[in-house]
>>> print(open('model00.cif').read())   # mmCIF, C-alpha atoms
data_structure
loop_
_atom_site.label_atom_id
_atom_site.label_comp_id
_atom_site.auth_asym_id
_atom_site.auth_seq_id
_atom_site.Cartn_x
_atom_site.Cartn_y
_atom_site.Cartn_z
CA MET G 25 -28.26 -0.69 -35.46
CA THR G 26 -26.31 -2.45 -38.15
CA LEU G 27 -25.69 -1.28 -41.67
CA GLU G 28 -26.54 -3.41 -44.67
CA PRO G 29 -23.34 -4.68 -46.24
CA LEU G 30 -22.42 -2.83 -49.42
CA THR G 31 -22.40 -4.72 -52.66
CA MET G 32 -20.32 -3.42 -55.52
CA THR G 33 -20.18 -3.93 -59.24
CA CYS G 34 -16.96 -4.74 -61.07
CA GLN G 35 -16.85 -1.20 -62.40
CA GLU G 36 -17.22 0.33 -58.96
CA VAL G 37 -14.44 -1.90 -57.66
CA ASP G 38 -12.15 -0.87 -60.51
CA GLU G 39 -12.84 2.80 -59.86
CA LEU G 40 -11.70 2.26 -56.29
CA ALA G 41 -8.58 0.29 -57.27
CA GLY G 42 -6.14 3.08 -56.35
CA ALA G 43 -7.88 3.95 -53.10
CA PHE G 44 -8.06 0.29 -52.14
CA ALA G 45 -4.38 -0.32 -52.89
CA LEU G 46 -3.42 2.69 -50.78
CA GLY G 47 -5.67 1.76 -47.87
CA ALA G 48 -7.76 4.88 -48.45
CA LEU G 49 -11.21 3.35 -48.37
CA PRO G 50 -13.43 4.20 -45.43
CA ALA G 51 -14.72 1.40 -43.23
CA GLY G 52 -17.37 -0.56 -45.04
CA GLU G 53 -16.14 0.12 -48.55
CA HIS G 54 -12.87 -1.72 -47.97
CA GLU G 55 -14.72 -4.79 -46.78
CA ALA G 56 -17.14 -4.49 -49.69
CA VAL G 57 -14.26 -4.52 -52.18
CA GLU G 58 -12.67 -7.50 -50.47
CA GLU G 59 -15.95 -9.32 -50.51
CA HIS G 60 -16.37 -8.59 -54.20
CA LEU G 61 -12.83 -9.81 -54.96
CA ALA G 62 -13.41 -13.02 -53.07
CA SER G 63 -16.52 -13.90 -55.02
CA CYS G 64 -16.19 -12.18 -58.40
CA ARG G 65 -16.29 -14.55 -61.34
CA ARG G 66 -16.42 -11.98 -64.10
CA SER G 67 -13.07 -10.30 -63.69
CA ASP G 68 -9.71 -11.05 -62.12
CA HIS G 69 -9.36 -7.33 -61.31
CA MET G 70 -5.72 -7.42 -62.29
CA GLU G 71 -5.40 -3.66 -62.20
CA LEU G 72 -6.30 -3.59 -58.53
CA ARG G 73 -3.82 -6.35 -57.80
CA HIS G 74 -1.08 -4.63 -59.76
CA LEU G 75 -1.70 -1.32 -58.04
CA SER G 76 -1.54 -3.09 -54.67
CA GLU G 77 1.92 -4.40 -55.59
CA THR G 78 3.00 -0.88 -56.55
CA ALA G 79 1.64 0.54 -53.29
CA ALA G 80 3.63 -2.13 -51.41
CA LEU G 81 6.82 -0.45 -52.68
CA LEU G 82 5.99 2.75 -50.80
CA PRO G 83 7.23 1.48 -47.39
CA LEU G 84 10.75 1.57 -48.86
CA LEU G 85 10.47 5.36 -48.89
CA VAL G 86 9.86 5.84 -45.18
CA PRO G 87 12.69 6.93 -42.89
CA ALA G 88 14.39 3.93 -41.30
CA ALA G 89 13.42 3.17 -37.72
CA GLU G 90 14.90 0.44 -35.58
CA PRO G 91 12.32 -1.72 -33.82
CA PRO G 92 12.96 -2.67 -30.18
CA ALA G 93 15.54 -5.45 -30.01
CA ASN G 94 13.16 -7.86 -28.31
CA LEU G 95 10.12 -7.26 -30.52
CA GLY G 96 10.80 -10.36 -32.61
CA ALA G 97 11.14 -12.53 -29.52
CA ARG G 98 7.92 -11.09 -28.10
CA ILE G 99 6.10 -11.91 -31.30
CA VAL G 100 7.42 -15.48 -31.25
CA ALA G 101 6.46 -15.81 -27.58
CA ALA G 102 2.97 -14.49 -28.26
CA ALA G 103 2.61 -16.91 -31.17
CA LEU G 104 3.69 -19.81 -28.98
CA ALA G 105 1.29 -18.63 -26.32
CA GLU G 106 -1.56 -18.66 -28.82
CA ARG G 107 -0.66 -22.11 -30.02
CA ALA G 108 -0.61 -23.29 -26.46
CA ALA G 109 -3.91 -21.62 -25.63
CA PRO G 110 -6.09 -24.14 -23.86
CA SER G 111 -9.00 -25.74 -25.58
CA ALA G 112 -12.45 -24.58 -24.67
CA GLY G 113 -14.02 -26.08 -21.64
CA ALA G 114 -10.82 -27.31 -20.03
CA ALA G 115 -10.68 -27.16 -16.29
CA ALA G 116 -10.05 -23.77 -14.79
CA GLU G 117 -6.64 -23.35 -13.26
CA ALA G 118 -4.86 -20.74 -11.26
CA VAL G 119 -3.19 -17.96 -13.20
CA SER G 120 0.12 -18.10 -11.43
CA ALA G 121 0.21 -21.37 -9.61
CA ILE G 122 3.58 -21.97 -8.03
CA VAL G 123 4.41 -25.64 -8.06
CA PRO G 124 7.41 -26.86 -6.08
CA PHE G 125 10.35 -27.60 -8.32
CA ARG G 126 11.55 -31.14 -7.98
CA ALA G 127 15.24 -30.60 -7.56
CA ARG G 128 17.28 -33.71 -8.03
CA ARG G 129 20.03 -34.48 -5.56
CA PRO G 130 20.66 -30.87 -4.72
CA THR G 131 23.99 -31.54 -3.06
CA ALA G 132 25.36 -32.73 -6.37
CA PHE G 133 24.25 -29.58 -8.16
CA PRO G 134 25.19 -26.44 -6.28
CA LEU G 135 24.10 -24.29 -9.20
CA ALA G 136 20.70 -25.83 -9.22
CA LEU G 137 20.52 -25.45 -5.47
CA ALA G 138 21.49 -21.83 -5.62
CA ALA G 139 18.74 -21.07 -8.04
CA ALA G 140 15.38 -20.67 -6.49
CA VAL G 141 13.74 -23.80 -7.66
CA ALA G 142 10.15 -23.44 -8.55
CA LEU G 143 7.97 -24.32 -11.44
CA VAL G 144 6.03 -21.26 -12.40
CA ALA G 145 2.91 -21.94 -14.33
CA ILE G 146 2.29 -18.71 -16.13
CA GLY G 147 -1.21 -17.53 -16.63
CA LEU G 148 -2.31 -19.81 -19.33
CA GLY G 149 -4.92 -21.51 -17.25
CA ALA G 150 -7.87 -22.78 -19.16
CA TRP G 151 -10.54 -20.24 -18.58
CA GLY G 152 -13.44 -21.76 -20.35
CA ILE G 153 -13.12 -19.35 -23.20
CA ALA G 154 -15.95 -20.83 -25.17
CA GLN G 155 -18.42 -19.86 -22.49
CA ARG G 156 -17.47 -16.22 -22.56
CA SER G 157 -17.96 -13.51 -25.05
CA ALA G 158 -15.41 -13.10 -27.79
CA LEU G 159 -14.37 -9.79 -26.31
CA LEU G 160 -13.72 -11.28 -22.92
CA ALA G 161 -11.84 -14.16 -24.49
CA ALA G 162 -9.64 -11.78 -26.42
CA ARG G 163 -8.90 -9.81 -23.27
CA GLU G 164 -7.98 -12.94 -21.39
CA GLN G 165 -5.73 -14.07 -24.16
CA GLU G 166 -4.04 -10.73 -24.02
CA GLN G 167 -3.54 -11.13 -20.29
CA ARG G 168 -2.08 -14.56 -20.70
CA GLN G 169 0.28 -13.31 -23.33
CA SER G 170 1.25 -10.27 -21.39
CA THR G 171 2.36 -12.40 -18.46
CA VAL G 172 4.70 -14.32 -20.72
CA LEU G 173 5.67 -11.15 -22.52
CA ALA G 174 6.58 -9.46 -19.26
CA LEU G 175 9.08 -12.24 -18.71
CA ILE G 176 10.37 -12.05 -22.26
CA GLY G 177 10.42 -8.27 -22.19
CA SER G 178 12.55 -8.21 -19.07
CA SER G 179 14.98 -10.66 -20.51
CA GLY G 180 18.52 -10.21 -21.61
CA THR G 181 18.56 -13.16 -23.97
CA VAL G 182 15.81 -15.18 -25.59
CA LEU G 183 16.81 -18.28 -27.50
CA GLN G 184 14.45 -20.45 -29.44
CA THR G 185 14.98 -24.16 -29.04
CA PRO G 186 14.45 -26.41 -32.06
CA GLY G 187 11.31 -28.47 -32.19
CA SER G 188 11.49 -32.24 -32.54
CA ALA G 189 9.14 -35.13 -33.10
CA THR G 190 8.56 -35.27 -29.35
CA VAL G 191 8.39 -31.63 -28.30
CA PRO G 192 7.58 -28.37 -30.11
CA THR G 193 9.73 -25.29 -30.10
CA ALA G 194 10.28 -23.52 -26.77
CA LEU G 195 12.03 -20.38 -25.61
CA LEU G 196 14.98 -20.29 -23.25
CA VAL G 197 14.98 -16.95 -21.45
CA GLU G 198 17.90 -15.57 -19.47
CA PRO G 199 16.73 -12.47 -17.63
CA LYS G 200 18.95 -9.41 -17.73
CA ALA G 201 19.32 -9.50 -14.00
CA GLY G 202 21.00 -12.90 -14.24
CA GLY G 203 20.13 -15.72 -11.89
CA ALA G 204 17.62 -18.31 -12.96
CA ALA G 205 16.84 -19.06 -16.58
CA TYR G 206 13.35 -19.94 -17.77
CA LEU G 207 12.17 -22.42 -20.33
CA VAL G 208 8.86 -21.25 -21.80
CA GLN G 209 7.24 -24.36 -23.22
CA SER G 210 3.98 -26.17 -23.79
CA TRP G 211 5.31 -29.68 -24.00
CA PRO G 212 3.24 -32.83 -23.59
CA PRO G 213 3.24 -34.30 -20.11
CA LEU G 214 5.13 -37.57 -19.54
CA ASP G 215 3.91 -40.56 -17.62
CA ALA G 216 4.80 -40.69 -13.92
CA SER G 217 7.89 -42.85 -14.46
CA ARG G 218 9.68 -40.24 -16.60
CA THR G 219 10.63 -36.59 -16.46
CA TYR G 220 12.15 -33.95 -18.67
CA GLN G 221 15.62 -32.95 -17.56
CA ALA G 222 17.49 -29.90 -18.80
CA TRP G 223 21.26 -29.76 -19.15
CA TYR G 224 23.97 -27.21 -19.66
CA ILE G 225 26.90 -28.45 -21.66
CA ALA G 226 30.45 -27.09 -21.68
CA GLN G 227 33.26 -28.38 -23.83
CA GLY G 228 35.43 -30.91 -22.07
CA ALA G 229 33.13 -31.24 -19.09
CA GLN G 230 30.22 -33.43 -18.15
CA PRO G 231 26.73 -32.03 -18.68
CA VAL G 232 25.36 -30.22 -15.65
CA SER G 233 21.70 -30.64 -14.75
CA ALA G 234 19.64 -27.47 -14.96
CA GLY G 235 16.62 -29.11 -13.35
CA VAL G 236 13.82 -31.55 -13.99
CA PHE G 237 10.26 -30.67 -14.90
CA SER G 238 7.05 -32.14 -16.17
CA GLY G 239 5.13 -31.14 -19.29
CA SER G 240 2.35 -28.66 -19.26
CA SER G 241 -0.68 -30.31 -20.85
CA GLY G 242 -0.79 -27.89 -23.72
CA GLN G 243 -0.58 -24.76 -21.59
CA LEU G 244 2.29 -22.38 -21.83
CA GLN G 245 4.50 -22.56 -18.77
CA ALA G 246 7.75 -20.99 -17.76
CA VAL G 247 9.90 -23.53 -15.98
CA GLN G 248 12.53 -21.99 -13.76
CA LEU G 249 15.93 -23.55 -14.30
CA ALA G 250 19.35 -23.15 -12.78
CA ALA G 251 21.36 -20.27 -14.17
CA PRO G 252 23.86 -21.41 -16.77
CA ALA G 253 27.50 -21.46 -15.67
CA GLN G 254 29.81 -19.05 -17.45
CA ALA G 255 31.43 -21.85 -19.42
CA ALA G 256 28.15 -23.38 -20.63
CA GLN G 257 28.02 -23.47 -24.41
CA ALA G 258 24.88 -25.41 -25.14
CA PHE G 259 21.52 -26.32 -23.68
CA ALA G 260 19.86 -29.69 -24.08
CA VAL G 261 16.85 -31.58 -22.76
CA THR G 262 16.57 -35.32 -22.31
CA ILE G 263 13.85 -37.60 -20.99
CA GLU G 264 15.03 -39.34 -17.84
CA PRO G 265 13.59 -41.70 -15.23
CA ALA G 266 11.42 -39.94 -12.65
CA GLY G 267 13.57 -37.91 -10.29
CA GLY G 268 16.18 -37.23 -12.94
CA SER G 269 19.64 -38.62 -13.58
CA ALA G 270 23.15 -37.60 -12.61
CA GLN G 271 24.13 -37.67 -16.27
CA PRO G 272 21.97 -37.94 -19.40
CA THR G 273 20.86 -41.50 -20.11
CA SER G 274 19.05 -40.86 -23.38
CA GLN G 275 19.58 -38.96 -26.60
CA PRO G 276 18.78 -35.26 -26.25
CA LEU G 277 15.47 -34.09 -27.70
CA PHE G 278 17.54 -31.21 -29.09
CA VAL G 279 20.76 -29.33 -28.42
CA ARG G 280 20.72 -25.54 -28.67
CA ALA G 281 23.86 -23.39 -28.69
CA LEU G 282 23.78 -20.78 -25.94
CA THR G 283 24.50 -17.88 -28.25
CA PRO G 284 21.86 -15.77 -29.90
CA GLY G 285 21.09 -16.41 -33.52
CA MET S 3 24.17 -22.27 -45.87
CA THR S 4 20.77 -23.46 -46.99
CA ALA S 5 18.79 -21.62 -49.62
CA GLU S 6 16.53 -18.98 -48.16
CA ARG S 7 12.86 -19.69 -48.24
CA SER S 8 10.78 -17.36 -50.37
CA ASP S 9 8.23 -15.08 -48.74
CA GLU S 10 5.48 -17.32 -50.03
CA GLU S 11 7.12 -20.44 -48.59
CA LEU S 12 7.51 -18.69 -45.27
CA LEU S 13 3.84 -17.71 -45.16
CA ARG S 14 2.81 -21.26 -45.97
CA ALA S 15 5.06 -22.59 -43.20
CA ILE S 16 3.68 -19.99 -40.80
CA ALA S 17 0.17 -21.11 -41.63
CA ALA S 18 1.32 -24.60 -40.61
CA GLN S 19 2.48 -23.09 -37.29
CA ASP S 20 6.21 -23.25 -38.03
CA VAL S 21 7.63 -20.76 -35.58
CA THR S 22 11.04 -20.69 -37.29
CA ALA S 23 9.29 -19.37 -40.39
CA LEU S 24 7.68 -16.65 -38.30
CA GLU S 25 11.13 -15.70 -37.03
CA ALA S 26 12.52 -15.68 -40.55
CA LEU S 27 9.69 -13.52 -41.87
CA TYR S 28 10.22 -11.08 -39.01
CA ALA S 29 13.96 -11.00 -39.70
CA ARG S 30 13.16 -10.10 -43.29
CA TYR S 31 10.38 -7.59 -42.82
CA GLY S 32 10.30 -6.58 -39.15
CA GLY S 33 12.37 -3.45 -39.68
CA LEU S 34 10.48 -2.36 -42.74
CA ALA S 35 7.14 -3.08 -41.09
CA PHE S 36 8.12 -1.14 -37.98
CA SER S 37 9.36 1.82 -40.01
CA LEU S 38 6.10 1.91 -41.96
CA ALA S 39 3.96 1.59 -38.84
CA LEU S 40 5.96 4.32 -37.10
CA ARG S 41 5.70 6.56 -40.13
CA VAL S 42 1.92 6.25 -40.23
CA THR S 43 1.20 6.38 -36.51
CA GLY S 44 4.00 8.68 -35.39
CA ASN S 45 4.18 6.72 -32.14
CA ARG S 46 6.65 3.95 -31.23
CA GLU S 47 4.31 2.11 -28.87
CA MET S 48 1.58 2.06 -31.47
CA ALA S 49 4.06 0.95 -34.12
CA GLU S 50 5.14 -1.96 -31.91
CA GLU S 51 1.53 -2.93 -31.40
CA VAL S 52 0.87 -2.76 -35.13
CA VAL S 53 3.86 -4.91 -36.05
CA GLN S 54 3.15 -7.49 -33.38
CA GLU S 55 -0.48 -7.77 -34.39
CA ALA S 56 0.39 -7.95 -38.08
CA PHE S 57 2.83 -10.83 -37.61
CA LEU S 58 0.43 -12.60 -35.27
CA SER S 59 -2.21 -12.10 -37.91
CA ALA S 60 0.02 -14.00 -40.33
CA TRP S 61 0.34 -16.67 -37.64
CA ARG S 62 -3.42 -16.90 -37.25
CA ARG S 63 -4.54 -16.24 -40.79
CA GLY S 64 -1.53 -17.05 -42.96
CA SER S 65 -3.59 -19.74 -44.57
CA THR S 66 -5.91 -17.08 -46.00
CA TYR S 67 -3.11 -15.71 -48.15
CA GLU S 68 -3.63 -16.71 -51.78
CA PRO S 69 -0.53 -16.51 -53.98
CA GLY S 70 -2.66 -15.94 -57.09
CA ARG S 71 -3.87 -12.66 -55.70
CA GLY S 72 -0.55 -10.96 -55.16
CA SER S 73 2.81 -11.30 -53.46
CA ALA S 74 3.25 -12.35 -49.85
CA ARG S 75 5.17 -9.13 -49.34
CA ALA S 76 2.25 -6.99 -50.49
CA TRP S 77 -0.08 -9.05 -48.31
CA LEU S 78 2.04 -8.64 -45.18
CA LEU S 79 2.78 -4.96 -45.67
CA GLY S 80 -0.89 -4.44 -46.49
CA VAL S 81 -1.82 -5.95 -43.12
CA VAL S 82 0.72 -3.69 -41.38
CA HIS S 83 -0.54 -0.65 -43.22
CA HIS S 84 -4.19 -1.36 -42.52
CA ARG S 85 -3.59 -1.90 -38.83
CA ALA S 86 -1.62 1.31 -38.61
CA ILE S 87 -4.38 3.18 -40.39
CA ASP S 88 -7.04 1.64 -38.18
CA LEU S 89 -5.15 2.96 -35.17
CA VAL S 90 -4.63 6.47 -36.47
CA ARG S 91 -8.24 6.74 -37.53
CA ALA S 92 -9.46 5.47 -34.17
CA ARG S 93 -7.13 7.49 -32.02
CA ILE S 94 -6.73 10.61 -34.12
CA SER S 95 -2.98 10.33 -33.92
CA ARG S 96 -0.91 10.62 -37.04
CA GLY S 97 2.67 10.85 -38.07
CA PRO S 98 3.84 13.83 -40.05
CA THR S 99 2.47 13.92 -43.59
CA VAL S 100 5.60 15.17 -45.31
CA VAL S 101 7.57 12.22 -46.52
CA LEU S 102 9.91 12.54 -49.40
CA ASP S 103 12.54 14.88 -48.04
CA ASP S 104 13.61 12.58 -45.32
CA ILE S 105 14.69 9.21 -46.60
CA GLY S 106 17.30 7.72 -44.32
CA GLU S 107 18.97 4.35 -44.28
CA LEU S 108 17.08 1.39 -45.51
CA PRO S 109 14.71 0.47 -42.69
CA GLY S 110 15.50 -2.07 -40.11
CA GLY S 111 18.87 -3.52 -41.00
CA GLY S 112 18.59 -7.26 -41.43
CA ASP S 113 17.51 -8.48 -44.79
CA PRO S 114 14.91 -6.20 -46.25
CA TRP S 115 13.49 -7.27 -49.47
CA PRO S 116 16.51 -8.29 -51.48
CA GLU S 117 14.72 -9.18 -54.68
CA VAL S 118 13.10 -5.78 -54.90
CA ARG S 119 16.33 -4.04 -54.05
CA GLN S 120 18.00 -5.79 -56.94
CA LYS S 121 15.52 -4.44 -59.42
CA LEU S 122 14.45 -1.16 -57.96
CA ASP S 123 16.46 1.04 -55.69
CA ARG S 124 14.68 3.49 -53.52
CA GLU S 125 15.77 6.43 -55.55
CA THR S 126 13.98 4.92 -58.51
CA ILE S 127 10.79 4.45 -56.53
CA ARG S 128 11.12 7.92 -55.09
CA GLY S 129 11.78 9.28 -58.58
CA ALA S 130 8.59 7.67 -59.85
CA LEU S 131 6.57 9.22 -57.03
CA VAL S 132 7.99 12.72 -57.40
CA SER S 133 7.52 12.64 -61.15
CA LEU S 134 3.76 12.40 -60.72
CA PRO S 135 1.65 15.49 -61.15
CA ASP S 136 1.60 17.30 -57.80
CA GLU S 137 -2.07 16.70 -57.13
CA GLN S 138 -1.71 12.94 -57.67
CA ARG S 139 1.40 12.70 -55.54
CA ARG S 140 -0.18 14.73 -52.76
CA CYS S 141 -3.24 12.48 -52.69
CA ILE S 142 -1.09 9.32 -52.58
CA GLU S 143 0.98 10.69 -49.71
CA LEU S 144 -2.06 11.76 -47.73
CA ALA S 145 -3.67 8.38 -48.27
CA TYR S 146 -0.75 6.04 -47.75
CA PHE S 147 1.46 7.83 -45.26
CA GLY S 148 -1.15 10.07 -43.67
CA GLY S 149 -3.76 7.35 -43.28
CA TYR S 150 -6.55 9.54 -44.64
CA SER S 151 -9.48 7.99 -46.45
CA TYR S 152 -10.41 9.34 -49.85
CA PRO S 153 -13.52 11.16 -48.52
CA GLU S 154 -11.29 12.82 -45.89
CA ILE S 155 -8.83 13.86 -48.58
CA ALA S 156 -11.67 15.20 -50.73
CA GLU S 157 -12.84 17.30 -47.80
CA GLN S 158 -9.34 18.49 -46.97
CA LEU S 159 -8.59 19.53 -50.52
CA ASP S 160 -12.14 20.62 -51.22
CA VAL S 161 -12.50 18.61 -54.42
CA PRO S 162 -15.13 16.06 -55.44
CA LEU S 163 -14.87 12.46 -54.26
CA GLY S 164 -14.61 11.15 -57.80
CA THR S 165 -11.61 13.38 -58.45
CA ILE S 166 -9.72 11.93 -55.50
CA LYS S 167 -10.55 8.37 -56.54
CA SER S 168 -9.20 9.15 -60.01
CA ARG S 169 -6.06 10.81 -58.73
CA LEU S 170 -5.21 7.85 -56.53
CA ARG S 171 -5.85 5.40 -59.34
CA LEU S 172 -4.10 7.34 -62.09
CA GLY S 173 -1.16 8.20 -59.84
CA LEU S 174 -0.52 4.58 -58.94
CA GLN S 175 -1.02 3.51 -62.55
CA ARG S 176 1.58 6.03 -63.65
CA MET S 177 4.01 4.94 -60.93
CA ARG S 178 3.58 1.36 -61.96
CA SER S 179 4.21 2.18 -65.57
CA LEU S 180 7.33 4.22 -64.77
CA LEU S 181 8.74 1.46 -62.59
CA ALA S 182 7.94 -1.19 -65.18
CA ASP S 183 10.03 0.79 -67.67
CA GLU S 184 12.86 0.90 -65.15
CA THR S 185 12.84 -2.84 -64.64
CA ALA S 186 12.69 -3.79 -68.31
CA PRO S 187 16.37 -3.95 -69.30
CA GLU S 188 15.61 -4.78 -72.90
CA ALA S 189 13.67 -1.57 -73.21
CA ARG S 190 16.78 0.47 -72.56
CA ALA S 191 19.39 -1.81 -74.02
CA THR S 192 18.14 -1.43 -77.54
#
>>> encode(input="model00.cif", output="structure tokens")
Amino acid sequence: MTLEPLTMTCQEVDELAGAFALGALPAGEHEAVEEHLASCRRSDHMELRHLSETAALLPLLVPAAEPPANLGARIVAAALAERAAPSAGAAAEAVSAIVPFRARRPTAFPLALAAAVALVAIGLGAWGIAQRSALLAAREQEQRQSTVLALIGSSGTVLQTPGSATVPTALLVEPKAGGAAYLVQSWPPLDASRTYQAWYIAQGAQPVSAGVFSGSSGQLQAVQLAAPAQAAQAFAVTIEPAGGSAQPTSQPLFVRALTPG
Amino acid sequence: MTAERSDEELLRAIAAQDVTALEALYARYGGLAFSLALRVTGNREMAEEVVQEAFLSAWRRGSTYEPGRGSARAWLLGVVHHRAIDLVRARISRGPTVVLDDIGELPGGGDPWPEVRQKLDRETIRGALVSLPDEQRRCIELAYFGGYSYPEIAEQLDVPLGTIKSRLRLGLQRMRSLLADETAPEARAT
């Protein structure tokens, strides 16, 4: 059984101005006021808007509480995950497909060799959301996010890389436990003749490859990279010929300092 | 150092899926939002959930914010508050309802609300709230910090619904008027 939506007069809305501003309307009435505000042509209901501004000062009176240090990074990761959510009807894919990492010349890169090299496609497979109920879709989205969030949540450091004309923002995650780093990205795939290649850069030394990887066709993926050496000060990604290069041969898509902030 | 973007500019950028704007908005309001959510729910996990969902809501629905209808700050904190209230009403879990005796440091560190802080310090806001008639103040606290709806407050206090509606409205009107006096320098300079 569904209830008929309430309709309110301007006077009724004004009488509820304080309760609305304070979030004290029961379900149904709040929506009815919002609906009225969205469509009312007789009044601008300035009192209600003013009282809402006054109510928005009240949070300054609550005792201070420190949010978890990684909450901001989790929110950014979840937002990126939503942006990367696959379009409806895309082909179904495995949740945690492990794709072999294409290590380039491993003998030349002991760090890269030491790292377990694998491309981990996190659970952002296209699930045919459109065909499912909204509830199911929401639950799936939550699952996809939580897989990424588990990685972020376990991390010691999460750095956001700058977006560019070629690639959107990504997250570089260095887990607390050390070892491999992860680049959480949803970058466009490149044609078969080219590859993305990640680099660690230290002052006075040549860039060191962190690994090569392909794009992710709009899905969020965590690419496992070599752990950064102690001296590494910056992280960069270039586009290189397939298989990768010994040293960068093109301008970096971005350079990100390896310090938080 | 580049000029900081206003709250409104940040919300517009967020609506255009600028993740750096989302970060900046969180840096500005994350602590305050978390403190508010924790105060209403009394539960850290719930508060985290509330804050995350509120900021993601800005990410998804930032474009629905209309500057003509109020500040971005009021919009964002309103989303946080509503989500916190939804949770406490659904799960019957609430934070303590006493509020004014326990004001600690400004929530969250970071950069909370500089333009408001310039005009109104918390003692002024607190002063405006405590100067209200007791019954108005009590109703505002139960509603805003306790998450009770006005019919619930009416039942708790055993007074008519209309009385509670009036107390909430008149109390906020009086607070607004007191704070407007505080922020009008000319009014006191002459």
>>> interface_residues(input="model00.cif", of="chain G", to="chain S", cutoff="6 Å", atoms="only C-alpha atoms", output="PyMOL selection string")
chain G and resi 42-43+46+48-50+77-78+80+83+87-91+99
>>> write_last_selection(input="model00.cif", atoms="C-alpha atoms", output="PDB file, keeping the file's coordinate frame")
ATOM      1  CA  GLY G  42      -6.140   3.080 -56.350  1.00  0.00           C
ATOM      2  CA  ALA G  43      -7.880   3.950 -53.100  1.00  0.00           C
ATOM      3  CA  LEU G  46      -3.420   2.690 -50.780  1.00  0.00           C
ATOM      4  CA  ALA G  48      -7.760   4.880 -48.450  1.00  0.00           C
ATOM      5  CA  LEU G  49     -11.210   3.350 -48.370  1.00  0.00           C
ATOM      6  CA  PRO G  50     -13.430   4.200 -45.430  1.00  0.00           C
ATOM      7  CA  GLU G  77       1.920  -4.400 -55.590  1.00  0.00           C
ATOM      8  CA  THR G  78       3.000  -0.880 -56.550  1.00  0.00           C
ATOM      9  CA  ALA G  80       3.630  -2.130 -51.410  1.00  0.00           C
ATOM     10  CA  PRO G  83       7.230   1.480 -47.390  1.00  0.00           C
ATOM     11  CA  PRO G  87      12.690   6.930 -42.890  1.00  0.00           C
ATOM     12  CA  ALA G  88      14.390   3.930 -41.300  1.00  0.00           C
ATOM     13  CA  ALA G  89      13.420   3.170 -37.720  1.00  0.00           C
ATOM     14  CA  GLU G  90      14.900   0.440 -35.580  1.00  0.00           C
ATOM     15  CA  PRO G  91      12.320  -1.720 -33.820  1.00  0.00           C
ATOM     16  CA  ILE G  99       6.100 -11.910 -31.300  1.00  0.00           C
TER      17      ILE G  99
END
>>> resolve_selection(input="model00.cif", expression="the PyMOL selection byres ((chain G and resi 271-276) around 10)", output="PyMOL selection string")
chain G and resi 221-223+230-233+259-265+268-270+277-279
>>> write_last_selection(input="model00.cif", atoms="C-alpha atoms", output="short mmCIF file (atom, residue, chain, number, x, y, z; two decimals), in the frame of the given file")
data_model
loop_
_atom_site.label_atom_id
_atom_site.label_comp_id
_atom_site.auth_asym_id
_atom_site.auth_seq_id
_atom_site.Cartn_x
_atom_site.Cartn_y
_atom_site.Cartn_z
CA GLN G 221 15.62 -32.95 -17.56
CA ALA G 222 17.49 -29.90 -18.80
CA TRP G 223 21.26 -29.76 -19.15
CA GLN G 230 30.22 -33.43 -18.15
CA PRO G 231 26.73 -32.03 -18.68
CA VAL G 232 25.36 -30.22 -15.65
CA SER G 233 21.70 -30.64 -14.75
CA PHE G 259 21.52 -26.32 -23.68
CA ALA G 260 19.86 -29.69 -24.08
CA VAL G 261 16.85 -31.58 -22.76
CA THR G 262 16.57 -35.32 -22.31
CA ILE G 263 13.85 -37.60 -20.99
CA GLU G 264 15.03 -39.34 -17.84
CA PRO G 265 13.59 -41.70 -15.23
CA GLY G 268 16.18 -37.23 -12.94
CA SER G 269 19.64 -38.62 -13.58
CA ALA G 270 23.15 -37.60 -12.61
CA LEU G 277 15.47 -34.09 -27.70
CA PHE G 278 17.54 -31.21 -29.09
CA VAL G 279 20.76 -29.33 -28.42
#
>>> closest_residue(input="model00.cif", among="G:Ala246, G:Ala255, G:Pro192, G:Ala204", to="G:Ala229", atoms="only C-alpha atoms")
G:Ala255
>>> atom_distance(input="model00.cif", atom1="atom CA of G:Val100", atom2="atom CA of G:Leu82")
26.8 Å
>>> resolve_selection(input="model00.cif", expression="the PyMOL selection byres ((chain G and resi 32) around 10)", output="PyMOL selection string")
chain G and resi 29-31+33-38+53+56-57+59-61
>>> write_last_selection(input="model00.cif", atoms="C-alpha atoms", output="compact mmCIF listing (two decimals), in the coordinates of the input")
# COMPACT_ATOMS: atom_id res chain seq x y z
CA PRO G 29 -23.34 -4.68 -46.24
CA LEU G 30 -22.42 -2.83 -49.42
CA THR G 31 -22.40 -4.72 -52.66
CA THR G 33 -20.18 -3.93 -59.24
CA CYS G 34 -16.96 -4.74 -61.07
CA GLN G 35 -16.85 -1.20 -62.40
CA GLU G 36 -17.22 0.33 -58.96
CA VAL G 37 -14.44 -1.90 -57.66
CA ASP G 38 -12.15 -0.87 -60.51
CA GLU G 53 -16.14 0.12 -48.55
CA ALA G 56 -17.14 -4.49 -49.69
CA VAL G 57 -14.26 -4.52 -52.18
CA GLU G 59 -15.95 -9.32 -50.51
CA HIS G 60 -16.37 -8.59 -54.20
CA LEU G 61 -12.83 -9.81 -54.96
>>> axis_aligned_box(input="model00.cif", around="stretch 124-141 of chain S", padding_each_side="5 Å", output="lines of an AutoDock Vina configuration file")
center_x = 6.3
center_y = 10.4
center_z = -56.9
size_x = 29.0
size_y = 23.8
size_z = 18.5
>>> closest_residue(input="model00.cif", among="G:Gln227, G:Gly235, G:Asn94, G:Gln254", to="G:Val197", atoms="all atoms listed in the file")
G:Asn94
